[in-house]
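The data block below is structure-v8.pdb; it holds PDB, C-alpha atoms, pLDDT in the B column.
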```
ATOM      1  CA  MET A   1      35.803  27.098 -29.088  1.00 47.00           C
ATOM      2  CA  ASN A   2      35.273  23.504 -27.903  1.00 44.00           C
ATOM      3  CA  GLU A   3      38.966  23.164 -27.077  1.00 48.00           C
ATOM      4  CA  GLN A   4      38.763  26.354 -24.992  1.00 46.00           C
ATOM      5  CA  VAL A   5      35.730  25.092 -23.042  1.00 38.00           C
ATOM      6  CA  SER A   6      37.404  21.730 -22.516  1.00 45.00           C
ATOM      7  CA  SER A   7      40.558  23.372 -21.184  1.00 45.00           C
ATOM      8  CA  GLU A   8      38.500  25.550 -18.821  1.00 41.00           C
ATOM      9  CA  ILE A   9      36.705  22.487 -17.435  1.00 36.00           C
ATOM     10  CA  GLN A  10      40.011  20.695 -16.937  1.00 43.00           C
ATOM     11  CA  SER A  11      41.569  23.706 -15.212  1.00 41.00           C
ATOM     12  CA  ALA A  12      38.563  23.904 -12.858  1.00 41.00           C
ATOM     13  CA  GLU A  13      38.972  20.298 -11.748  1.00 42.00           C
ATOM     14  CA  PRO A  14      41.021  19.713  -8.588  1.00 45.00           C
ATOM     15  CA  ASN A  15      44.480  18.230  -8.978  1.00 49.00           C
ATOM     16  CA  PRO A  16      44.534  14.467  -8.419  1.00 46.00           C
ATOM     17  CA  PRO A  17      45.896  13.437  -5.008  1.00 47.00           C
ATOM     18  CA  ARG A  18      49.464  12.212  -4.876  1.00 48.00           C
ATOM     19  CA  HIS A  19      48.578   9.431  -2.488  1.00 46.00           C
ATOM     20  CA  GLY A  20      45.427   7.357  -2.415  1.00 50.00           C
ATOM     21  CA  GLY A  21      42.575   8.624  -4.559  1.00 56.00           C
ATOM     22  CA  GLY A  22      41.160   5.215  -5.296  1.00 59.00           C
ATOM     23  CA  PRO A  23      42.285   2.354  -7.526  1.00 63.00           C
ATOM     24  CA  ARG A  24      44.584   3.181 -10.442  1.00 69.00           C
ATOM     25  CA  THR A  25      44.679   0.002 -12.488  1.00 68.00           C
ATOM     26  CA  PRO A  26      41.884  -0.760 -15.012  1.00 58.00           C
ATOM     27  CA  ALA A  27      40.910  -3.871 -13.057  1.00 54.00           C
ATOM     28  CA  GLY A  28      40.774  -1.925  -9.806  1.00 57.00           C
ATOM     29  CA  ARG A  29      38.671   0.822 -11.340  1.00 54.00           C
ATOM     30  CA  ALA A  30      36.273  -1.784 -12.742  1.00 46.00           C
ATOM     31  CA  ARG A  31      35.811  -3.342  -9.324  1.00 47.00           C
ATOM     32  CA  SER A  32      35.342   0.073  -7.746  1.00 50.00           C
ATOM     33  CA  SER A  33      32.674   1.024 -10.279  1.00 42.00           C
ATOM     34  CA  LEU A  34      30.606  -1.930  -9.113  1.00 39.00           C
ATOM     35  CA  ASN A  35      30.682  -0.976  -5.414  1.00 45.00           C
ATOM     36  CA  GLY A  36      27.248   0.611  -5.680  1.00 41.00           C
ATOM     37  CA  LEU A  37      25.857  -2.572  -7.191  1.00 39.00           C
ATOM     38  CA  LYS A  38      26.616  -4.803  -4.203  1.00 43.00           C
ATOM     39  CA  HIS A  39      23.215  -4.046  -2.724  1.00 44.00           C
ATOM     40  CA  GLY A  40      21.765  -1.770  -5.420  1.00 50.00           C
ATOM     41  CA  LEU A  41      20.303   0.688  -2.911  1.00 50.00           C
ATOM     42  CA  CYS A  42      22.411   3.663  -4.009  1.00 55.00           C
ATOM     43  CA  ALA A  43      23.475   2.436  -7.420  1.00 52.00           C
ATOM     44  CA  ARG A  44      23.431   4.795 -10.382  1.00 54.00           C
ATOM     45  CA  THR A  45      21.702   2.108 -12.430  1.00 61.00           C
ATOM     46  CA  VAL A  46      18.263   1.109 -11.209  1.00 73.00           C
ATOM     47  CA  LEU A  47      18.369  -2.464 -12.497  1.00 76.00           C
ATOM     48  CA  LEU A  48      20.905  -4.996 -11.310  1.00 70.00           C
ATOM     49  CA  PRO A  49      22.042  -7.900 -13.490  1.00 70.00           C
ATOM     50  CA  ASN A  50      19.647 -10.302 -11.742  1.00 70.00           C
ATOM     51  CA  ASP A  51      16.623  -7.962 -11.989  1.00 77.00           C
ATOM     52  CA  ASP A  52      13.855  -8.788 -14.444  1.00 85.00           C
ATOM     53  CA  PRO A  53      13.252  -5.743 -16.691  1.00 89.00           C
ATOM     54  CA  ALA A  54       9.663  -6.835 -17.368  1.00 91.00           C
ATOM     55  CA  VAL A  55       8.881  -6.963 -13.644  1.00 91.00           C
ATOM     56  CA  TYR A  56      10.513  -3.573 -13.173  1.00 91.00           C
ATOM     57  CA  LEU A  57       8.476  -2.015 -15.993  1.00 93.00           C
ATOM     58  CA  ARG A  58       5.229  -3.429 -14.594  1.00 95.00           C
ATOM     59  CA  PHE A  59       6.166  -2.115 -11.155  1.00 94.00           C
ATOM     60  CA  CYS A  60       6.863   1.365 -12.541  1.00 94.00           C
ATOM     61  CA  LYS A  61       3.675   1.356 -14.601  1.00 96.00           C
ATOM     62  CA  GLN A  62       1.567   0.801 -11.491  1.00 97.00           C
ATOM     63  CA  ILE A  63       3.125   3.819  -9.784  1.00 96.00           C
ATOM     64  CA  LEU A  64       2.947   6.028 -12.868  1.00 96.00           C
ATOM     65  CA  ASP A  65      -0.694   5.034 -13.375  1.00 97.00           C
ATOM     66  CA  TYR A  66      -1.382   6.124  -9.796  1.00 97.00           C
ATOM     67  CA  TRP A  67       0.219   9.556 -10.231  1.00 97.00           C
ATOM     68  CA  LYS A  68      -1.043  10.110 -13.812  1.00 96.00           C
ATOM     69  CA  PRO A  69       1.701  12.554 -14.850  1.00 97.00           C
ATOM     70  CA  ALA A  70       0.454  15.041 -17.442  1.00 95.00           C
ATOM     71  CA  ASN A  71       3.737  16.483 -18.707  1.00 96.00           C
ATOM     72  CA  ALA A  72       7.450  15.753 -18.953  1.00 96.00           C
ATOM     73  CA  MET A  73       8.325  17.258 -15.554  1.00 96.00           C
ATOM     74  CA  GLU A  74       5.636  15.298 -13.733  1.00 97.00           C
ATOM     75  CA  GLN A  75       6.713  12.170 -15.609  1.00 96.00           C
ATOM     76  CA  SER A  76      10.304  12.679 -14.490  1.00 96.00           C
ATOM     77  CA  ILE A  77       9.419  13.121 -10.795  1.00 97.00           C
ATOM     78  CA  ALA A  78       7.000  10.179 -10.888  1.00 96.00           C
ATOM     79  CA  GLN A  79       9.747   8.003 -12.384  1.00 95.00           C
ATOM     80  CA  LEU A  80      12.119   9.009  -9.569  1.00 95.00           C
ATOM     81  CA  ILE A  81       9.481   7.905  -7.060  1.00 97.00           C
ATOM     82  CA  ALA A  82       9.034   4.606  -8.891  1.00 95.00           C
ATOM     83  CA  ASN A  83      12.793   3.977  -8.953  1.00 94.00           C
ATOM     84  CA  ASP A  84      13.148   4.666  -5.232  1.00 94.00           C
ATOM     85  CA  CYS A  85      10.179   2.427  -4.443  1.00 94.00           C
ATOM     86  CA  TRP A  86      11.883  -0.304  -6.475  1.00 91.00           C
ATOM     87  CA  ARG A  87      15.067   0.158  -4.433  1.00 88.00           C
ATOM     88  CA  LEU A  88      13.067   0.022  -1.205  1.00 88.00           C
ATOM     89  CA  GLU A  89      11.496  -3.261  -2.306  1.00 85.00           C
ATOM     90  CA  ARG A  90      15.003  -4.545  -3.008  1.00 77.00           C
ATOM     91  CA  SER A  91      16.077  -3.512   0.494  1.00 71.00           C
ATOM     92  CA  ASN A  92      13.267  -5.603   1.991  1.00 70.00           C
ATOM     93  CA  THR A  93      14.445  -8.499  -0.136  1.00 66.00           C
ATOM     94  CA  HIS A  94      17.991  -8.080   1.222  1.00 59.00           C
ATOM     95  CA  GLU A  95      16.707  -8.106   4.795  1.00 61.00           C
ATOM     96  CA  GLN A  96      14.772 -11.297   4.136  1.00 59.00           C
ATOM     97  CA  GLY A  97      17.895 -12.718   2.505  1.00 56.00           C
ATOM     98  CA  PHE A  98      19.968 -11.989   5.610  1.00 56.00           C
ATOM     99  CA  MET A  99      17.454 -13.892   7.689  1.00 54.00           C
ATOM    100  CA  ALA A 100      17.365 -16.755   5.219  1.00 54.00           C
ATOM    101  CA  LEU A 101      21.147 -17.051   5.376  1.00 50.00           C
ATOM    102  CA  GLY A 102      20.876 -17.341   9.140  1.00 50.00           C
ATOM    103  CA  HIS A 103      18.652 -20.384   8.765  1.00 51.00           C
ATOM    104  CA  GLY A 104      21.391 -22.079   6.790  1.00 51.00           C
ATOM    105  CA  GLY A 105      24.283 -21.007   9.042  1.00 54.00           C
ATOM    106  CA  GLN A 106      25.246 -21.150  12.675  1.00 52.00           C
ATOM    107  CA  PRO A 107      22.191 -19.264  14.073  1.00 49.00           C
ATOM    108  CA  GLY A 108      19.981 -21.890  12.458  1.00 48.00           C
ATOM    109  CA  GLU A 109      21.727 -24.704  14.320  1.00 53.00           C
ATOM    110  CA  VAL A 110      19.860 -23.897  17.555  1.00 49.00           C
ATOM    111  CA  VAL A 111      18.080 -26.995  18.844  1.00 53.00           C
ATOM    112  CA  CYS A 112      14.392 -26.273  19.397  1.00 54.00           C
ATOM    113  CA  GLN A 113      11.325 -28.441  18.852  1.00 56.00           C
ATOM    114  CA  ASP A 114       8.943 -25.560  18.142  1.00 55.00           C
ATOM    115  CA  ALA A 115       9.355 -24.388  14.539  1.00 63.00           C
ATOM    116  CA  VAL A 116       8.060 -20.865  15.236  1.00 56.00           C
ATOM    117  CA  ILE A 117      10.374 -20.353  18.207  1.00 49.00           C
ATOM    118  CA  HIS A 118      13.260 -21.837  16.227  1.00 50.00           C
ATOM    119  CA  ALA A 119      12.685 -19.350  13.424  1.00 54.00           C
ATOM    120  CA  ALA A 120      12.517 -16.432  15.874  1.00 51.00           C
ATOM    121  CA  ILE A 121      15.746 -17.480  17.622  1.00 51.00           C
ATOM    122  CA  THR A 122      17.466 -17.992  14.261  1.00 54.00           C
ATOM    123  CA  GLU A 123      16.518 -14.529  13.023  1.00 50.00           C
ATOM    124  CA  ALA A 124      17.574 -12.947  16.330  1.00 50.00           C
ATOM    125  CA  GLY A 125      20.923 -14.718  16.056  1.00 55.00           C
ATOM    126  CA  THR A 126      21.340 -13.534  12.493  1.00 55.00           C
ATOM    127  CA  PHE A 127      20.672  -9.956  13.562  1.00 52.00           C
ATOM    128  CA  ARG A 128      23.138 -10.321  16.457  1.00 53.00           C
ATOM    129  CA  ASP A 129      25.882 -11.707  14.224  1.00 63.00           C
ATOM    130  CA  ASN A 130      25.406  -9.081  11.471  1.00 64.00           C
ATOM    131  CA  PRO A 131      24.700  -5.781  13.253  1.00 69.00           C
ATOM    132  CA  GLN A 132      26.680  -3.665  10.795  1.00 75.00           C
ATOM    133  CA  ALA A 133      24.925  -5.143   7.772  1.00 68.00           C
ATOM    134  CA  PHE A 134      21.502  -4.425   9.236  1.00 68.00           C
ATOM    135  CA  ALA A 135      22.584  -0.937  10.355  1.00 76.00           C
ATOM    136  CA  THR A 136      23.813  -0.125   6.845  1.00 74.00           C
ATOM    137  CA  LEU A 137      20.607  -1.474   5.362  1.00 74.00           C
ATOM    138  CA  SER A 138      18.560   0.693   7.734  1.00 80.00           C
ATOM    139  CA  ILE A 139      20.523   3.822   6.750  1.00 84.00           C
ATOM    140  CA  TYR A 140      19.895   3.216   3.059  1.00 82.00           C
ATOM    141  CA  GLU A 141      16.214   2.536   3.700  1.00 86.00           C
ATOM    142  CA  GLN A 142      15.890   5.834   5.579  1.00 92.00           C
ATOM    143  CA  ARG A 143      17.600   7.733   2.754  1.00 92.00           C
ATOM    144  CA  ILE A 144      15.392   6.141   0.124  1.00 93.00           C
ATOM    145  CA  THR A 145      12.239   6.783   2.160  1.00 95.00           C
ATOM    146  CA  ARG A 146      13.156  10.453   2.612  1.00 96.00           C
ATOM    147  CA  SER A 147      13.780  10.749  -1.112  1.00 96.00           C
ATOM    148  CA  ILE A 148      10.378   9.212  -1.874  1.00 97.00           C
ATOM    149  CA  HIS A 149       8.582  11.570   0.514  1.00 97.00           C
ATOM    150  CA  LYS A 150      10.449  14.605  -0.848  1.00 97.00           C
ATOM    151  CA  ASN A 151       9.619  13.767  -4.463  1.00 97.00           C
ATOM    152  CA  MET A 152       6.011  12.967  -3.575  1.00 98.00           C
ATOM    153  CA  LYS A 153       5.648  16.413  -2.016  1.00 98.00           C
ATOM    154  CA  VAL A 154       7.216  18.050  -5.074  1.00 98.00           C
ATOM    155  CA  LEU A 155       4.930  16.139  -7.433  1.00 98.00           C
ATOM    156  CA  GLN A 156       1.819  16.859  -5.371  1.00 98.00           C
ATOM    157  CA  GLU A 157       2.545  20.599  -5.395  1.00 98.00           C
ATOM    158  CA  MET A 158       3.315  20.491  -9.109  1.00 97.00           C
ATOM    159  CA  GLN A 159       0.065  18.719  -9.925  1.00 97.00           C
ATOM    160  CA  LYS A 160      -1.921  20.977  -7.594  1.00 97.00           C
ATOM    161  CA  GLU A 161      -0.663  24.077  -9.415  1.00 97.00           C
ATOM    162  CA  ARG A 162      -1.315  22.533 -12.829  1.00 96.00           C
ATOM    163  CA  LYS A 163      -4.863  21.477 -11.944  1.00 96.00           C
ATOM    164  CA  ALA A 164      -5.636  24.913 -10.496  1.00 97.00           C
ATOM    165  CA  ALA A 165      -4.429  26.558 -13.708  1.00 96.00           C
ATOM    166  CA  GLU A 166      -6.450  24.112 -15.808  1.00 95.00           C
ATOM    167  CA  GLN A 167      -9.551  24.763 -13.697  1.00 95.00           C
ATOM    168  CA  ALA A 168      -9.187  28.529 -14.044  1.00 96.00           C
ATOM    169  CA  ALA A 169      -8.706  28.222 -17.802  1.00 96.00           C
ATOM    170  CA  MET A 170     -11.784  26.005 -18.122  1.00 96.00           C
ATOM    171  CA  GLU A 171     -13.843  28.475 -16.096  1.00 96.00           C
ATOM    172  CA  GLU A 172     -12.978  31.190 -18.591  1.00 97.00           C
ATOM    173  CA  ALA A 173     -13.572  28.924 -21.572  1.00 96.00           C
ATOM    174  CA  VAL A 174     -17.047  27.877 -20.344  1.00 96.00           C
ATOM    175  CA  LEU A 175     -17.942  31.504 -19.637  1.00 96.00           C
ATOM    176  CA  LEU A 176     -16.972  32.546 -23.172  1.00 96.00           C
ATOM    177  CA  HIS A 177     -18.754  29.497 -24.599  1.00 96.00           C
ATOM    178  CA  ASN A 178     -22.017  30.452 -22.880  1.00 95.00           C
ATOM    179  CA  TYR A 179     -21.584  34.091 -23.877  1.00 95.00           C
ATOM    180  CA  HIS A 180     -21.179  33.335 -27.588  1.00 96.00           C
ATOM    181  CA  LYS A 181     -23.966  30.755 -27.384  1.00 94.00           C
ATOM    182  CA  MET A 182     -26.283  33.461 -26.011  1.00 93.00           C
ATOM    183  CA  LEU A 183     -25.355  35.718 -28.934  1.00 95.00           C
ATOM    184  CA  GLY A 184     -25.857  32.870 -31.389  1.00 95.00           C
ATOM    185  CA  GLU A 185     -22.265  33.142 -32.548  1.00 95.00           C
ATOM    186  CA  ALA A 186     -19.821  30.367 -33.365  1.00 94.00           C
ATOM    187  CA  TRP A 187     -16.747  30.339 -31.166  1.00 95.00           C
ATOM    188  CA  ASP A 188     -13.494  28.396 -31.340  1.00 96.00           C
ATOM    189  CA  PRO A 189     -11.550  28.254 -28.028  1.00 96.00           C
ATOM    190  CA  LYS A 190      -8.283  28.271 -29.956  1.00 94.00           C
ATOM    191  CA  ASP A 191      -9.092  31.801 -31.123  1.00 93.00           C
ATOM    192  CA  ASP A 192      -8.546  32.875 -27.511  1.00 94.00           C
ATOM    193  CA  GLU A 193      -5.462  30.647 -27.063  1.00 94.00           C
ATOM    194  CA  PHE A 194      -7.201  27.926 -25.048  1.00 95.00           C
ATOM    195  CA  VAL A 195      -5.808  24.410 -25.347  1.00 93.00           C
ATOM    196  CA  TYR A 196      -9.300  22.898 -25.166  1.00 94.00           C
ATOM    197  CA  SER A 197     -11.315  21.937 -28.222  1.00 95.00           C
ATOM    198  CA  SER A 198     -14.853  23.193 -28.859  1.00 95.00           C
ATOM    199  CA  GLU A 199     -16.186  19.719 -28.018  1.00 96.00           C
ATOM    200  CA  GLN A 200     -14.369  19.650 -24.673  1.00 96.00           C
ATOM    201  CA  VAL A 201     -15.683  23.056 -23.637  1.00 96.00           C
ATOM    202  CA  SER A 202     -19.187  22.218 -24.815  1.00 96.00           C
ATOM    203  CA  ARG A 203     -19.216  18.978 -22.808  1.00 96.00           C
ATOM    204  CA  GLU A 204     -17.940  20.775 -19.706  1.00 96.00           C
ATOM    205  CA  ALA A 205     -20.580  23.503 -20.074  1.00 96.00           C
ATOM    206  CA  ALA A 206     -23.305  20.852 -20.412  1.00 96.00           C
ATOM    207  CA  ARG A 207     -21.959  18.960 -17.399  1.00 96.00           C
ATOM    208  CA  ARG A 208     -22.040  22.092 -15.265  1.00 95.00           C
ATOM    209  CA  ALA A 209     -25.586  22.875 -16.375  1.00 93.00           C
ATOM    210  CA  ARG A 210     -26.723  19.358 -15.383  1.00 94.00           C
ATOM    211  CA  LEU A 211     -24.895  19.668 -12.083  1.00 95.00           C
ATOM    212  CA  GLU A 212     -26.638  22.956 -11.332  1.00 92.00           C
ATOM    213  CA  GLU A 213     -30.014  21.360 -12.061  1.00 92.00           C
ATOM    214  CA  ALA A 214     -29.120  18.400  -9.858  1.00 95.00           C
ATOM    215  CA  LYS A 215     -28.251  20.787  -6.997  1.00 94.00           C
ATOM    216  CA  ASN A 216     -31.636  22.483  -7.364  1.00 92.00           C
ATOM    217  CA  ALA A 217     -33.343  19.090  -7.423  1.00 94.00           C
ATOM    218  CA  GLN A 218     -31.513  18.230  -4.211  1.00 95.00           C
ATOM    219  CA  ARG A 219     -32.707  21.449  -2.567  1.00 94.00           C
ATOM    220  CA  LEU A 220     -36.251  20.419  -3.516  1.00 93.00           C
ATOM    221  CA  ARG A 221     -35.586  16.998  -1.945  1.00 94.00           C
ATOM    222  CA  PHE A 222     -35.918  15.434  -5.407  1.00 94.00           C
ATOM    223  CA  LYS A 223     -39.665  16.045  -5.564  1.00 94.00           C
ATOM    224  CA  LEU A 224     -40.373  15.769  -9.284  1.00 94.00           C
ATOM    225  CA  SER A 225     -43.489  17.974  -9.353  1.00 93.00           C
ATOM    226  CA  GLU A 226     -41.740  20.830  -7.567  1.00 92.00           C
ATOM    227  CA  PHE A 227     -38.641  20.436  -9.695  1.00 92.00           C
ATOM    228  CA  ARG A 228     -40.681  20.594 -12.911  1.00 92.00           C
ATOM    229  CA  ALA A 229     -42.436  23.729 -11.655  1.00 91.00           C
ATOM    230  CA  TRP A 230     -39.070  25.309 -10.872  1.00 88.00           C
ATOM    231  CA  ARG A 231     -37.660  24.332 -14.255  1.00 87.00           C
ATOM    232  CA  GLN A 232     -40.677  25.738 -16.083  1.00 87.00           C
ATOM    233  CA  LYS A 233     -40.449  29.019 -14.206  1.00 85.00           C
ATOM    234  CA  PHE A 234     -36.729  29.174 -14.851  1.00 80.00           C
ATOM    235  CA  ALA A 235     -37.257  28.531 -18.569  1.00 78.00           C
ATOM    236  CA  GLN A 236     -39.814  31.381 -18.756  1.00 75.00           C
ATOM    237  CA  ASN A 237     -37.646  33.906 -16.972  1.00 70.00           C
ATOM    238  CA  PRO A 238     -34.113  32.748 -16.055  1.00 62.00           C
ATOM    239  CA  GLN A 239     -33.289  36.082 -14.445  1.00 57.00           C
ATOM    240  CA  GLU A 240     -36.163  36.062 -11.967  1.00 52.00           C
ATOM    241  CA  ALA A 241     -36.571  32.387 -11.219  1.00 50.00           C
ATOM    242  CA  PRO A 242     -35.595  31.884  -7.567  1.00 49.00           C
ATOM    243  CA  ALA A 243     -33.205  29.207  -6.514  1.00 50.00           C
ATOM    244  CA  ALA A 244     -34.964  26.039  -5.471  1.00 46.00           C
TER     245      ALA A 244
END
```
As structure tokens:
Amino acid sequence: MNEQVSSEIQSAEPNPPRHGGGPRTPAGRARSSLNGLKHGLCARTVLLPNDDPAVYLRFCKQILDYWKPANAMEQSIAQLIANDCWRLERSNTHEQGFMALGHGGQPGEVVCQDAVIHAAITEAGTFRDNPQAFATLSIYEQRITRSIHKNMKVLQEMQKERKAAEQAAMEEAVLLHNYHKMLGEAWDPKDDEFVYSSEQVSREAARRARLEEAKNAQRLRFKLSEFRAWRQKFAQNPQEAPAA
């Protein structure tokens, strides 16, 4: 079976070109495989040999902590965003490196007494002498930025849908909690296939009750005497007690 699948995959692949088609020697293929690592902006591997893994992990952690992914799919998209942000930071480093090279080369040999003006002329000369390098860098930056924005939109929609579903589920769980509490019956949310524990639902129900009281206190302009009168009336007859 595996041999059949393998043969089908091979038959589906296009025939190799007779001329060209990239390097053929092992050394040539090795050099070609590193083409994406020259600047690291479109490399398959996120880390380059001179990157510090610890710095990269701290960088990613900050972004993941911001997005707070709650499942594997959200984690995956958030990691893509972190990787692209890392590449964008690297691009800024390359741009600064181009300018720094100019200070050590011919553009930096401009005679000028003012250090600020000298630096500006040097960087302008560096840009003039390396237009293609800066153009390529700009293209990669635009691609990376678009990828970040696309993945951010995907993640935002994903989290919005998840939170809406969680909110709806909690609404139902609190409603059932209050219902069984009124009847004096014990109730386990897992009996109705909720993912929440009894403690979680109980805390949420208590929080909502406090919030409702706080809203009534606000309507009464936080006048304690009036609020106590409202609470007492509500306790005597919850059905007829008017809103504050």
Pairwise distance for atom CA of Leu155 of chain A and atom CA of Phe59 of chain A, rounded to one decimal in Å: 18.7 Å
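Near Lys163 of chain A, within 12 Å and counting all atoms listed in the file, sit Pro69, Ala70, Gln156, Glu157, Ala169 and Met170 of chain A, not including residues fewer than 6 positions from it in the same chain.
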Store the residues of this selection in a file with C-alpha atoms, as a CSV table (one decimal), keeping the file's coordinate frame.
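Contents of result.csv, as written:
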```csv
chain,number,residue,atom,x,y,z
A,69,PRO,CA,1.7,12.6,-14.8
A,70,ALA,CA,0.5,15.0,-17.4
A,156,GLN,CA,1.8,16.9,-5.4
A,157,GLU,CA,2.5,20.6,-5.4
A,169,ALA,CA,-8.7,28.2,-17.8
A,170,MET,CA,-11.8,26.0,-18.1
```
Segment 49-56 of chain A surroundings by all atoms listed in the file, 10 Å radius, close-in-sequence under 6 positions cut, as a ChimeraX atom specification: /A:37,82-83,86,90
Using all atoms listed in the file: which of A:Ala168, A:Cys60, A:Ala229, A:Leu88 has the shortest distance to Tyr140 of chain A: A:Leu88
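Checking A:Glu226, A:Glu193, A:Asn71, A:Leu211 one by one against Arg162 of chain A, counting all atoms listed in the file, you find the shortest gap at A:Asn71.
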Can you tell me, as lines of an AutoDock Vina configuration file, the centre and edge lengths (Å, one decimal) of the axis-aligned box enclosing all of segment 200-215 of chain A's listed atoms after padding each side by 4 Å?
```
center_x = -22.2
center_y = 21.0
center_z = -15.9
size_x = 23.6
size_y = 13.1
size_z = 25.8
```
If I only want segment 174-197 of chain A, can you write it with N, CA and C atoms, as a CSV table (one decimal), in the first residue's frame?
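Heads up, here's the output in part.csv:
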```csv
chain,number,residue,atom,x,y,z
A,174,VAL,N,-25.5,29.6,34.5
A,174,VAL,CA,-26.0,30.4,35.6
A,174,VAL,C,-27.5,30.3,35.8
A,175,LEU,N,-28.2,30.3,34.7
A,175,LEU,CA,-29.7,30.2,34.7
A,175,LEU,C,-30.1,28.9,35.4
A,176,LEU,N,-29.4,27.8,35.0
A,176,LEU,CA,-29.7,26.5,35.6
A,176,LEU,C,-29.3,26.4,37.0
A,177,HIS,N,-28.2,27.1,37.3
A,177,HIS,CA,-27.7,27.1,38.7
A,177,HIS,C,-28.7,27.8,39.6
A,178,ASN,N,-29.2,28.9,39.2
A,178,ASN,CA,-30.2,29.7,40.0
A,178,ASN,C,-31.5,28.9,40.1
A,179,TYR,N,-31.9,28.2,39.0
A,179,TYR,CA,-33.1,27.4,39.0
A,179,TYR,C,-33.1,26.3,40.0
A,180,HIS,N,-32.0,25.5,40.0
A,180,HIS,CA,-31.8,24.4,41.0
A,180,HIS,C,-31.7,24.9,42.4
A,181,LYS,N,-31.0,26.1,42.5
A,181,LYS,CA,-30.9,26.7,43.8
A,181,LYS,C,-32.3,27.1,44.4
A,182,MET,N,-33.1,27.6,43.6
A,182,MET,CA,-34.5,27.9,44.0
A,182,MET,C,-35.2,26.7,44.5
A,183,LEU,N,-35.0,25.6,43.8
A,183,LEU,CA,-35.7,24.3,44.1
A,183,LEU,C,-35.0,23.6,45.3
A,184,GLY,N,-33.9,24.1,45.7
A,184,GLY,CA,-33.1,23.5,46.8
A,184,GLY,C,-32.5,22.2,46.4
A,185,GLU,N,-32.2,22.1,45.1
A,185,GLU,CA,-31.6,20.9,44.6
A,185,GLU,C,-30.1,21.0,44.3
A,186,ALA,N,-29.4,20.0,44.5
A,186,ALA,CA,-27.9,20.0,44.1
A,186,ALA,C,-27.9,19.9,42.5
A,187,TRP,N,-26.9,20.6,42.0
A,187,TRP,CA,-26.8,20.5,40.5
A,187,TRP,C,-25.3,20.5,40.1
A,188,ASP,N,-24.9,19.6,39.2
A,188,ASP,CA,-23.5,19.6,38.7
A,188,ASP,C,-23.6,20.0,37.3
A,189,PRO,N,-22.9,21.1,36.9
A,189,PRO,CA,-22.9,21.5,35.5
A,189,PRO,C,-22.5,20.4,34.5
A,190,LYS,N,-21.6,19.5,34.9
A,190,LYS,CA,-21.2,18.4,34.0
A,190,LYS,C,-22.3,17.5,33.6
A,191,ASP,N,-23.4,17.5,34.5
A,191,ASP,CA,-24.5,16.6,34.1
A,191,ASP,C,-25.2,17.1,32.8
A,192,ASP,N,-25.1,18.4,32.6
A,192,ASP,CA,-25.6,19.0,31.4
A,192,ASP,C,-24.6,19.4,30.3
A,193,GLU,N,-23.4,18.7,30.4
A,193,GLU,CA,-22.3,18.8,29.5
A,193,GLU,C,-21.7,20.2,29.4
A,194,PHE,N,-21.7,20.9,30.5
A,194,PHE,CA,-21.0,22.2,30.6
A,194,PHE,C,-19.5,21.9,31.0
A,195,VAL,N,-18.6,22.7,30.5
A,195,VAL,CA,-17.2,22.5,30.9
A,195,VAL,C,-16.8,23.2,32.2
A,196,TYR,N,-17.7,24.0,32.7
A,196,TYR,CA,-17.5,24.7,33.9
A,196,TYR,C,-17.7,23.8,35.2
A,197,SER,N,-17.0,24.1,36.2
A,197,SER,CA,-17.2,23.4,37.5
A,197,SER,C,-18.3,24.1,38.3
```
